[in-house]
file query.cif (mmCIF, C-alpha atoms and all ligand atoms)
data_structure
loop_
_atom_site.label_atom_id
_atom_site.label_comp_id
_atom_site.auth_asym_id
_atom_site.auth_seq_id
_atom_site.Cartn_x
_atom_site.Cartn_y
_atom_site.Cartn_z
CA MET A 1 0.00 0.00 0.00
CA GLY A 2 2.74 2.44 1.05
CA GLU A 3 4.68 1.45 -2.04
CA ASN A 4 1.66 2.12 -4.17
CA THR A 5 1.18 5.68 -2.97
CA SER A 6 4.85 6.52 -3.43
CA THR A 7 4.77 5.48 -7.09
CA MET A 8 1.57 7.45 -7.49
CA SER A 9 3.06 10.64 -6.16
CA GLN A 10 5.83 10.39 -8.74
CA GLU A 11 3.36 10.38 -11.58
CA LEU A 12 3.01 13.62 -13.45
CA LEU A 13 0.01 14.88 -15.35
CA SER A 14 0.65 17.52 -18.01
CA ILE A 15 -2.09 19.89 -19.04
CA VAL A 16 -1.55 21.42 -22.46
CA VAL A 17 -3.47 24.62 -23.15
CA PRO A 18 -3.18 26.23 -26.58
CA ALA A 19 -3.95 29.92 -26.23
CA TYR A 20 -4.37 32.51 -28.94
CA ASN A 21 -5.61 35.93 -27.82
CA GLU A 22 -7.12 34.53 -24.64
CA ALA A 23 -6.04 37.24 -22.17
CA LYS A 24 -9.66 37.81 -21.13
CA VAL A 25 -10.43 34.25 -20.11
CA LEU A 26 -7.05 33.00 -18.93
CA PRO A 27 -7.24 34.16 -15.30
CA GLU A 28 -10.67 32.59 -14.85
CA PHE A 29 -9.58 29.48 -16.77
CA HIS A 30 -6.53 29.06 -14.59
CA ARG A 31 -8.54 29.58 -11.43
CA ARG A 32 -10.92 26.80 -12.38
CA LEU A 33 -8.20 24.51 -13.67
CA SER A 34 -6.00 24.82 -10.61
CA ALA A 35 -8.99 24.26 -8.33
CA VAL A 36 -9.55 20.97 -10.14
CA LEU A 37 -5.88 20.00 -10.11
CA ASP A 38 -5.72 20.57 -6.36
CA ARG A 39 -8.31 17.86 -6.05
CA VAL A 40 -6.67 15.16 -8.17
CA ASP A 41 -4.16 12.84 -6.53
CA VAL A 42 -1.42 13.36 -9.08
CA ALA A 43 1.24 16.04 -9.50
CA ALA A 44 0.57 18.35 -12.43
CA GLU A 45 2.29 20.75 -14.75
CA ILE A 46 0.30 23.21 -16.84
CA LEU A 47 1.82 24.09 -20.18
CA TYR A 48 0.35 27.19 -21.75
CA VAL A 49 1.25 27.42 -25.41
CA ASN A 50 1.08 31.04 -26.46
CA ASP A 51 0.32 30.75 -30.15
CA GLY A 52 1.60 34.16 -31.21
CA SER A 53 -1.17 36.07 -29.44
CA ARG A 54 -1.53 39.73 -30.30
CA ASP A 55 -3.26 40.73 -27.09
CA GLU A 56 -1.97 40.66 -23.50
CA THR A 57 -1.93 36.86 -23.29
CA ALA A 58 1.85 36.77 -22.80
CA ASP A 59 1.71 39.25 -19.90
CA VAL A 60 -1.21 37.48 -18.27
CA LEU A 61 0.67 34.18 -18.49
CA ALA A 62 3.82 35.72 -17.02
CA VAL A 63 1.83 36.97 -14.03
CA LEU A 64 0.12 33.61 -13.56
CA GLN A 65 3.44 31.80 -13.73
CA LYS A 66 4.82 33.85 -10.86
CA GLN A 67 1.89 32.75 -8.73
CA ASP A 68 1.82 29.08 -9.65
CA ALA A 69 4.95 26.92 -9.78
CA ARG A 70 3.16 24.34 -11.89
CA ILE A 71 2.93 26.64 -14.91
CA GLY A 72 5.25 26.34 -17.88
CA ILE A 73 5.02 28.63 -20.91
CA VAL A 74 5.85 27.68 -24.48
CA ASP A 75 5.97 30.90 -26.45
CA LEU A 76 5.72 30.26 -30.18
CA SER A 77 7.43 32.63 -32.61
CA ARG A 78 4.14 33.47 -34.37
CA ASN A 79 0.58 32.25 -34.77
CA TYR A 80 0.74 28.73 -36.18
CA GLY A 81 -2.85 27.65 -35.55
CA LYS A 82 -4.31 25.41 -32.90
CA GLU A 83 -3.20 22.10 -34.42
CA ILE A 84 0.46 23.08 -34.28
CA ALA A 85 0.10 24.82 -30.92
CA MET A 86 -1.20 21.54 -29.50
CA SER A 87 1.65 19.63 -31.10
CA ALA A 88 4.16 22.00 -29.52
CA GLY A 89 2.49 21.40 -26.17
CA LEU A 90 2.76 17.64 -26.63
CA ASP A 91 6.45 17.98 -27.50
CA TYR A 92 7.20 19.92 -24.34
CA ALA A 93 4.95 17.97 -21.98
CA SER A 94 6.88 15.64 -19.72
CA GLY A 95 3.94 14.03 -17.94
CA ASP A 96 2.98 10.37 -17.81
CA ALA A 97 -0.33 11.48 -19.21
CA VAL A 98 -1.24 14.64 -21.10
CA VAL A 99 -4.57 16.44 -21.13
CA ILE A 100 -5.31 18.81 -24.00
CA ILE A 101 -7.87 21.47 -23.17
CA ASP A 102 -9.09 24.73 -24.72
CA ALA A 103 -8.41 27.95 -22.84
CA ASP A 104 -11.89 29.37 -23.40
CA LEU A 105 -13.60 27.13 -20.82
CA GLN A 106 -15.69 25.41 -23.45
CA ASP A 107 -14.03 22.23 -22.28
CA PRO A 108 -14.84 22.02 -18.56
CA PRO A 109 -11.66 21.45 -16.51
CA GLU A 110 -13.92 19.75 -13.95
CA LEU A 111 -13.94 16.72 -16.22
CA ILE A 112 -10.21 16.10 -15.77
CA PRO A 113 -10.51 13.86 -12.68
CA GLU A 114 -12.82 11.60 -14.65
CA LEU A 115 -10.30 11.45 -17.51
CA VAL A 116 -7.59 10.53 -15.00
CA VAL A 117 -9.74 7.73 -13.60
CA GLN A 118 -10.08 6.21 -17.05
CA TRP A 119 -6.35 6.61 -17.66
CA ARG A 120 -5.68 4.72 -14.43
CA ALA A 121 -8.05 2.07 -15.71
CA GLY A 122 -5.61 1.58 -18.56
CA TYR A 123 -6.94 3.70 -21.42
CA ASP A 124 -4.58 5.62 -23.70
CA ASP A 125 -6.94 8.09 -25.31
CA VAL A 126 -9.79 9.21 -23.11
CA TYR A 127 -11.77 11.68 -25.19
CA ALA A 128 -14.68 13.81 -24.17
CA ARG A 129 -17.72 13.77 -26.39
CA ARG A 130 -20.07 16.74 -26.13
CA ILE A 131 -23.78 16.17 -26.00
CA SER A 132 -24.77 19.80 -26.39
CA ARG A 133 -23.30 22.88 -27.94
CA ASP A 134 -24.93 25.65 -25.96
CA GLY A 135 -24.27 29.11 -27.28
CA GLU A 136 -23.38 28.08 -30.79
CA SER A 137 -25.52 29.02 -33.75
CA PHE A 138 -27.71 26.49 -35.50
CA LEU A 139 -25.61 26.82 -38.65
CA LYS A 140 -22.38 26.09 -36.77
CA ARG A 141 -23.96 23.06 -35.12
CA ALA A 142 -25.38 21.79 -38.39
CA THR A 143 -22.13 22.22 -40.33
CA ALA A 144 -20.12 20.61 -37.55
CA HIS A 145 -22.55 17.70 -37.50
CA LEU A 146 -22.33 17.29 -41.26
CA PHE A 147 -18.55 17.51 -41.24
CA TYR A 148 -18.08 14.77 -38.65
CA ARG A 149 -20.45 12.47 -40.51
CA LEU A 150 -18.75 13.18 -43.84
CA ILE A 151 -15.22 12.60 -42.66
CA ARG A 152 -16.28 9.38 -40.97
CA GLN A 153 -17.76 8.19 -44.21
CA VAL A 154 -14.88 9.00 -46.51
CA SER A 155 -11.78 8.28 -44.42
CA ASP A 156 -10.35 5.06 -43.10
CA VAL A 157 -9.80 6.45 -39.63
CA ASP A 158 -12.71 6.34 -37.26
CA ILE A 159 -13.21 9.85 -35.93
CA PRO A 160 -15.91 9.86 -33.26
CA PRO A 161 -18.59 12.51 -33.93
CA ASP A 162 -18.91 15.59 -31.72
CA THR A 163 -15.49 15.05 -30.26
CA GLY A 164 -13.11 17.96 -30.01
CA ASP A 165 -9.49 17.94 -29.00
CA PHE A 166 -10.34 17.79 -25.29
CA ARG A 167 -8.84 14.51 -24.15
CA LEU A 168 -6.28 12.71 -22.05
CA LEU A 169 -3.47 10.85 -23.77
CA SER A 170 -1.20 8.30 -22.16
CA ARG A 171 2.55 8.61 -22.52
CA ARG A 172 2.72 5.92 -25.17
CA ALA A 173 0.00 7.62 -27.22
CA VAL A 174 1.86 10.95 -26.92
CA ASN A 175 5.14 9.33 -27.94
CA ALA A 176 3.42 7.89 -30.98
CA LEU A 177 1.86 11.24 -31.91
CA LYS A 178 5.20 12.99 -31.55
CA GLN A 179 6.54 10.88 -34.39
CA LEU A 180 3.94 12.18 -36.82
CA ARG A 181 5.56 15.36 -38.10
CA GLU A 182 3.42 16.21 -41.10
CA GLN A 183 2.86 19.91 -41.78
CA HIS A 184 -0.78 19.40 -42.59
CA ARG A 185 -2.00 17.95 -39.39
CA PHE A 186 -5.56 17.33 -38.52
CA MET A 187 -5.10 16.31 -34.92
CA LYS A 188 -8.51 14.73 -34.45
CA GLY A 189 -7.57 12.31 -37.21
CA LEU A 190 -4.09 11.71 -35.86
CA PHE A 191 -5.33 10.90 -32.35
CA ASN A 192 -7.36 8.10 -33.83
CA TRP A 193 -4.76 7.06 -36.36
CA VAL A 194 -2.22 6.09 -33.69
CA GLY A 195 -4.76 3.72 -32.20
CA PHE A 196 -4.31 2.24 -28.69
CA GLU A 197 -7.09 1.85 -26.16
CA ARG A 198 -9.75 4.52 -26.53
CA LYS A 199 -12.50 5.48 -24.14
CA GLU A 200 -15.35 7.93 -24.53
CA ILE A 201 -16.77 10.20 -21.88
CA VAL A 202 -19.75 12.49 -22.43
CA TYR A 203 -20.26 16.06 -21.24
CA ARG A 204 -22.23 19.20 -22.04
CA ARG A 205 -20.26 21.81 -23.97
CA ASP A 206 -20.54 25.26 -22.44
CA PRO A 207 -20.58 28.50 -24.37
CA ARG A 208 -17.32 30.43 -24.50
CA ALA A 209 -16.66 32.21 -21.19
CA ALA A 210 -15.32 35.39 -22.83
CA GLY A 211 -13.70 36.60 -26.02
CA ASN A 212 -14.56 35.39 -29.48
CA SER A 213 -14.20 32.15 -31.32
CA LYS A 214 -11.26 32.32 -33.72
CA TRP A 215 -13.22 30.31 -36.21
CA ASN A 216 -15.18 31.84 -38.98
CA TYR A 217 -16.79 29.88 -41.79
CA TRP A 218 -13.86 30.38 -44.13
CA ARG A 219 -11.49 28.96 -41.52
CA LEU A 220 -13.87 26.10 -40.84
CA TRP A 221 -14.12 25.33 -44.54
CA ASN A 222 -10.34 25.21 -44.83
CA PHE A 223 -10.19 23.09 -41.72
CA ALA A 224 -12.67 20.64 -43.25
CA LEU A 225 -10.66 20.52 -46.49
CA GLU A 226 -7.55 19.86 -44.43
CA GLY A 227 -9.28 17.11 -42.51
CA ILE A 228 -10.42 15.38 -45.64
CA THR A 229 -7.33 15.76 -47.79
CA SER A 230 -4.92 14.81 -45.04
CA HIS A 231 -6.74 11.60 -44.23
CA THR A 232 -8.12 10.24 -47.41
CA THR A 233 -7.46 10.12 -51.12
CA VAL A 234 -11.12 9.42 -51.90
CA PRO A 235 -11.51 12.77 -53.77
CA LEU A 236 -8.77 11.64 -56.17
CA ARG A 237 -10.72 8.49 -56.86
CA LEU A 238 -13.90 10.55 -57.27
CA ALA A 239 -12.11 12.48 -60.01
CA SER A 240 -11.45 9.21 -61.85
CA TYR A 241 -15.07 8.11 -61.49
CA LEU A 242 -16.27 11.47 -62.71
CA GLY A 243 -14.00 11.06 -65.73
CA ILE A 244 -15.40 7.61 -66.48
CA LEU A 245 -18.95 8.88 -66.09
CA VAL A 246 -18.38 11.80 -68.43
CA ALA A 247 -16.61 9.64 -71.02
CA PHE A 248 -19.44 7.10 -70.86
CA SER A 249 -22.10 9.79 -71.38
CA ALA A 250 -20.06 11.11 -74.27
CA PHE A 251 -20.14 7.69 -75.98
CA ILE A 252 -23.88 7.45 -75.57
CA TYR A 253 -24.35 10.92 -76.94
CA ALA A 254 -22.01 10.13 -79.86
CA ALA A 255 -24.13 7.08 -80.68
CA PHE A 256 -27.26 9.23 -80.53
CA VAL A 257 -25.75 11.88 -82.82
CA ALA A 258 -24.67 9.22 -85.33
CA TYR A 259 -28.11 7.62 -85.23
CA ASP A 260 -29.83 10.97 -85.62
CA LYS A 261 -27.69 11.82 -88.64
CA LEU A 262 -28.03 8.46 -90.37
CA VAL A 263 -31.69 7.73 -89.69
CA HIS A 264 -33.25 11.17 -89.62
CA GLY A 265 -30.67 12.87 -91.80
CA ASN A 266 -30.45 15.66 -89.30
CA PRO A 267 -28.60 18.55 -90.98
CA VAL A 268 -25.53 19.72 -89.03
CA ALA A 269 -26.56 22.37 -86.59
CA GLY A 270 -25.00 21.69 -83.27
CA TYR A 271 -23.72 24.99 -81.94
CA PRO A 272 -25.65 25.03 -78.61
CA SER A 273 -25.00 21.38 -77.79
CA LEU A 274 -21.33 21.71 -78.74
CA MET A 275 -21.01 24.72 -76.52
CA VAL A 276 -22.64 22.94 -73.60
CA VAL A 277 -20.45 19.89 -73.96
CA LEU A 278 -17.34 22.03 -74.32
CA LEU A 279 -18.07 24.06 -71.22
CA PHE A 280 -19.09 21.01 -69.24
CA LEU A 281 -15.90 19.14 -70.07
CA GLY A 282 -13.80 22.20 -69.40
CA GLY A 283 -15.45 22.58 -66.02
CA VAL A 284 -14.97 18.95 -65.08
CA GLN A 285 -11.34 19.05 -66.13
CA LEU A 286 -10.60 22.18 -64.14
CA MET A 287 -12.36 20.78 -61.11
CA THR A 288 -10.45 17.52 -61.11
CA LEU A 289 -7.22 19.40 -61.73
CA GLY A 290 -8.11 21.43 -58.65
CA VAL A 291 -8.55 18.27 -56.62
CA ILE A 292 -5.20 16.95 -57.79
CA GLY A 293 -3.73 20.38 -57.06
CA GLU A 294 -4.92 20.18 -53.45
CA TYR A 295 -2.90 17.03 -52.96
CA MET A 296 0.06 18.33 -54.96
CA GLY A 297 0.20 21.44 -52.79
CA ARG A 298 0.27 19.30 -49.69
CA MET A 299 3.05 17.16 -51.09
CA PHE A 300 4.96 20.33 -51.89
CA ASP A 301 4.64 21.51 -48.31
CA GLU A 302 5.63 18.16 -46.86
CA THR A 303 8.69 17.70 -49.06
CA LYS A 304 10.20 20.89 -47.68
CA LYS A 305 10.59 19.04 -44.38
CA ARG A 306 10.43 22.21 -42.36
CA PRO A 307 10.19 22.10 -38.58
CA LEU A 308 6.58 22.41 -37.44
CA TYR A 309 7.16 25.55 -35.39
CA PHE A 310 9.74 27.76 -33.78
CA VAL A 311 9.75 28.60 -30.13
CA LYS A 312 10.58 32.08 -28.91
CA SER A 313 11.06 30.92 -25.35
CA TYR A 314 10.22 28.05 -23.07
CA LEU A 315 9.81 28.73 -19.38
CA SER A 316 9.64 25.41 -17.60
CA PRO A 317 7.47 25.03 -14.50
CA ALA A 318 9.44 25.99 -11.40
CA ALA A 319 8.06 22.94 -9.60
CA LEU A 320 9.53 20.64 -12.25
CA LYS A 321 12.97 22.22 -12.08
CA GLN A 322 13.13 21.45 -8.38
CA ALA A 323 11.91 17.91 -8.86
CA ASP A 324 14.45 17.48 -11.68
CA LYS A 325 11.69 16.02 -13.77
CA LEU A 326 12.59 17.82 -16.97
CA PRO A 327 13.47 15.56 -19.88
CA ASP A 328 17.14 15.86 -20.93
CA SER A 329 16.26 17.34 -24.28
CA LEU A 330 14.67 20.35 -22.62
CA GLN A 331 17.31 20.89 -19.95
CA THR A 332 19.08 24.22 -20.52
N1 LIG B 401 -6.21 28.59 -30.64
C1 LIG B 401 -4.85 28.59 -30.90
N2 LIG B 401 -4.39 29.10 -32.08
C2 LIG B 401 -5.22 29.60 -33.04
C3 LIG B 401 -6.63 29.54 -32.78
C4 LIG B 401 -7.09 29.04 -31.59
O1 LIG B 401 -4.05 28.16 -30.05
O2 LIG B 401 -4.76 30.03 -34.08
C5 LIG B 401 -6.72 28.06 -29.36
C6 LIG B 401 -7.65 29.00 -28.62
O3 LIG B 401 -6.92 29.91 -27.81
C7 LIG B 401 -8.48 28.05 -27.79
C8 LIG B 401 -8.58 26.82 -28.68
O4 LIG B 401 -7.51 26.91 -29.61
O5 LIG B 401 -7.84 27.68 -26.58
C9 LIG B 401 -9.92 26.75 -29.41
O6 LIG B 401 -10.14 27.93 -30.15
P1 LIG B 401 -11.59 28.54 -30.40
O7 LIG B 401 -12.33 28.62 -29.11
O8 LIG B 401 -11.40 29.80 -31.16
O9 LIG B 401 -12.24 27.41 -31.33
P2 LIG B 401 -13.73 26.79 -31.22
O10 LIG B 401 -13.97 26.41 -29.79
O11 LIG B 401 -14.65 27.83 -31.70
O12 LIG B 401 -13.68 25.57 -32.11
MG MG B 402 -13.85 27.62 -28.29
#
call {"tool": "encode", "arguments": {"input": "query.cif", "output": "structure tokens", "more": "lines below"}}
Ligand code: UDP
Ligand code: MG
result
Amino acid sequence: MGENTSTMSQELLSIVVPAYNEAKVLPEFHRRLSAVLDRVDVAAEILYVNDGSRDETADVLAVLQKQDARIGIVDLSRNYGKEIAMSAGLDYASGDAVVIIDADLQDPPELIPELVVQWRAGYDDVYARRISRDGESFLKRATAHLFYRLIRQVSDVDIPPDTGDFRLLSRRAVNALKQLREQHRFMKGLFNWVGFERKEIVYRRDPRAAGNSKWNYWRLWNFALEGITSHTTVPLRLASYLGILVAFSAFIYAAFVAYDKLVHGNPVAGYPSLMVVLLFLGGVQLMTLGVIGEYMGRMFDETKKRPLYFVKSYLSPAALKQADKLPDSLQT
């Protein structure tokens, strides 16, 4: 029994919080998070990833870090987007398990103890599935719903619907994720791609506590494109099918034209139909070229083999420095 508790106290839970222009909510977020962490029976570090915020996020974090020895700050060199901010957090996290949570309090920190319980039960990816999206417009809910269904249908990886990035990952799941260094990363897909034991937990999603969502429909559309093109080549196959379909229709039409000419002696007068066919084929060709271009562009980006992000500074949690828990690679 005594042995058991001593190994437990050596366990470390990392909380990764990507934050972009979240100065308004961060103090409240941290208050709620630390209240929860005080209750769980495992040591914790909180890694705030400042994703190139243009507001006072950096200052707010600096103040918080002075008050709480568990806080570490990864300051990215610019805004890279949430997917990369999360990846940076995973790289710097040294915990035996890592929780990823949004800074805007839409993911309730109060759920963390439950995630930890499931982790202790042996699960590697304990994800939280929302059963309501209070405070989000009907259109946002409907498009999100459609997107999750669509991506499930077309890709090989099984992405659970209505699941965000809020989850707990075991060390072995994090180590696996850290090996996936693609530029175009759709984390929700990657979490599932690495596999391991997965467990679902349900909760009600709250409206944002303050500030604005960084997502607009254009960003969401691009995000959806990213999700689809980085996980499946089905659109490429669709292009081939479309080609076959068009070619097949063309043959039928050719037969009809020949028949019309031979049997009815139809005098040549085909300007409108020629025009329609011409434009239609042109459109189909441009569209499929576009699809191929989407994949080409991604290959172009990947072949550059650039690092995912640059870090302006990393301030490790004071508590970790004392405990000498920092991984060698991060020791300065
Ligand atoms: N975020 C980020 N970089 C960005 C955009 C967002 O790190 O470029 C963070 C943001 O601070 C928040 C989380 O990602 O903690 C979710 O962002 P948001 O609430 O805007 O997305 P939504 O909840 O509307 O999907
Ligand atoms: Mg949000």
call {"tool": "closest_residue", "arguments": {"input": "query.cif", "among": "A:Ala43, A:Leu308, A:Val25, A:Ala319", "to": "Gln183 in chain A", "atoms": "all atoms listed in the file"}}
result
A:Leu308
call {"tool": "closest_residue", "arguments": {"input": "query.cif", "among": "A:Ala44, A:Ala269, A:Val202, A:Leu220", "to": "Ser94 in chain A", "atoms": "only C-alpha atoms"}}
result
A:Ala44
call {"tool": "residues_near_ligand", "arguments": {"input": "query.cif", "ligand": "ligand LIG 401 (chain B)", "cutoff": "6 Å", "atoms": "all atoms listed in the file", "output": "list in words"}}
result
Pro18, Ala19, Tyr20, Glu22, Asp51, Asn79, Gly81, Lys82, Ala85, Asp102, Ala103, Asp104, Ser213, Lys214 and Trp215 of chain A
call {"tool": "residues_around", "arguments": {"input": "query.cif", "residues": "range 69-75 of chain A", "least_positions_apart": "6", "cutoff": "12 Å", "atoms": "all atoms listed in the file", "output": "VMD selection string"}}
result
chain A and resid 12 to 20 30 33 to 34 37 to 38 43 to 53 57 to 63 85 to 95 309 to 323 326 330
call {"tool": "closest_residue", "arguments": {"input": "query.cif", "among": "A:Val40, A:Leu26, A:Leu105, A:Leu168", "to": "ligand MG 402 (chain B)", "atoms": "all atoms listed in the file"}}
result
A:Leu105
call {"tool": "decode", "arguments": {"input": "query.cif", "residues": "range 110-199 of chain A", "atoms": "C-alpha atoms", "output": "compact mmCIF listing (two decimals), in the first residue's frame"}}
result
# COMPACT_ATOMS: atom_id res chain seq x y z
CA GLU A 110 -13.92 19.75 -13.95
CA LEU A 111 -13.94 16.72 -16.22
CA ILE A 112 -10.21 16.10 -15.77
CA PRO A 113 -10.51 13.86 -12.68
CA GLU A 114 -12.82 11.60 -14.65
CA LEU A 115 -10.30 11.45 -17.51
CA VAL A 116 -7.59 10.53 -15.00
CA VAL A 117 -9.74 7.73 -13.60
CA GLN A 118 -10.08 6.21 -17.05
CA TRP A 119 -6.35 6.61 -17.66
CA ARG A 120 -5.68 4.72 -14.43
CA ALA A 121 -8.05 2.07 -15.71
CA GLY A 122 -5.61 1.58 -18.56
CA TYR A 123 -6.94 3.70 -21.42
CA ASP A 124 -4.58 5.62 -23.70
CA ASP A 125 -6.94 8.09 -25.31
CA VAL A 126 -9.79 9.21 -23.11
CA TYR A 127 -11.77 11.68 -25.19
CA ALA A 128 -14.68 13.81 -24.17
CA ARG A 129 -17.72 13.77 -26.39
CA ARG A 130 -20.07 16.74 -26.13
CA ILE A 131 -23.78 16.17 -26.00
CA SER A 132 -24.77 19.80 -26.39
CA ARG A 133 -23.30 22.88 -27.94
CA ASP A 134 -24.93 25.65 -25.96
CA GLY A 135 -24.27 29.11 -27.28
CA GLU A 136 -23.38 28.08 -30.79
CA SER A 137 -25.52 29.02 -33.75
CA PHE A 138 -27.71 26.49 -35.50
CA LEU A 139 -25.61 26.82 -38.65
CA LYS A 140 -22.38 26.09 -36.77
CA ARG A 141 -23.96 23.06 -35.12
CA ALA A 142 -25.38 21.79 -38.39
CA THR A 143 -22.13 22.22 -40.33
CA ALA A 144 -20.12 20.61 -37.55
CA HIS A 145 -22.55 17.70 -37.50
CA LEU A 146 -22.33 17.29 -41.26
CA PHE A 147 -18.55 17.51 -41.24
CA TYR A 148 -18.08 14.77 -38.65
CA ARG A 149 -20.45 12.47 -40.51
CA LEU A 150 -18.75 13.18 -43.84
CA ILE A 151 -15.22 12.60 -42.66
CA ARG A 152 -16.28 9.38 -40.97
CA GLN A 153 -17.76 8.19 -44.21
CA VAL A 154 -14.88 9.00 -46.51
CA SER A 155 -11.78 8.28 -44.42
CA ASP A 156 -10.35 5.06 -43.10
CA VAL A 157 -9.80 6.45 -39.63
CA ASP A 158 -12.71 6.34 -37.26
CA ILE A 159 -13.21 9.85 -35.93
CA PRO A 160 -15.91 9.86 -33.26
CA PRO A 161 -18.59 12.51 -33.93
CA ASP A 162 -18.91 15.59 -31.72
CA THR A 163 -15.49 15.05 -30.26
CA GLY A 164 -13.11 17.96 -30.01
CA ASP A 165 -9.49 17.94 -29.00
CA PHE A 166 -10.34 17.79 -25.29
CA ARG A 167 -8.84 14.51 -24.15
CA LEU A 168 -6.28 12.71 -22.05
CA LEU A 169 -3.47 10.85 -23.77
CA SER A 170 -1.20 8.30 -22.16
CA ARG A 171 2.55 8.61 -22.52
CA ARG A 172 2.72 5.92 -25.17
CA ALA A 173 0.00 7.62 -27.22
CA VAL A 174 1.86 10.95 -26.92
CA ASN A 175 5.14 9.33 -27.94
CA ALA A 176 3.42 7.89 -30.98
CA LEU A 177 1.86 11.24 -31.91
CA LYS A 178 5.20 12.99 -31.55
CA GLN A 179 6.54 10.88 -34.39
CA LEU A 180 3.94 12.18 -36.82
CA ARG A 181 5.56 15.36 -38.10
CA GLU A 182 3.42 16.21 -41.10
CA GLN A 183 2.86 19.91 -41.78
CA HIS A 184 -0.78 19.40 -42.59
CA ARG A 185 -2.00 17.95 -39.39
CA PHE A 186 -5.56 17.33 -38.52
CA MET A 187 -5.10 16.31 -34.92
CA LYS A 188 -8.51 14.73 -34.45
CA GLY A 189 -7.57 12.31 -37.21
CA LEU A 190 -4.09 11.71 -35.86
CA PHE A 191 -5.33 10.90 -32.35
CA ASN A 192 -7.36 8.10 -33.83
CA TRP A 193 -4.76 7.06 -36.36
CA VAL A 194 -2.22 6.09 -33.69
CA GLY A 195 -4.76 3.72 -32.20
CA PHE A 196 -4.31 2.24 -28.69
CA GLU A 197 -7.09 1.85 -26.16
CA ARG A 198 -9.75 4.52 -26.53
CA LYS A 199 -12.50 5.48 -24.14
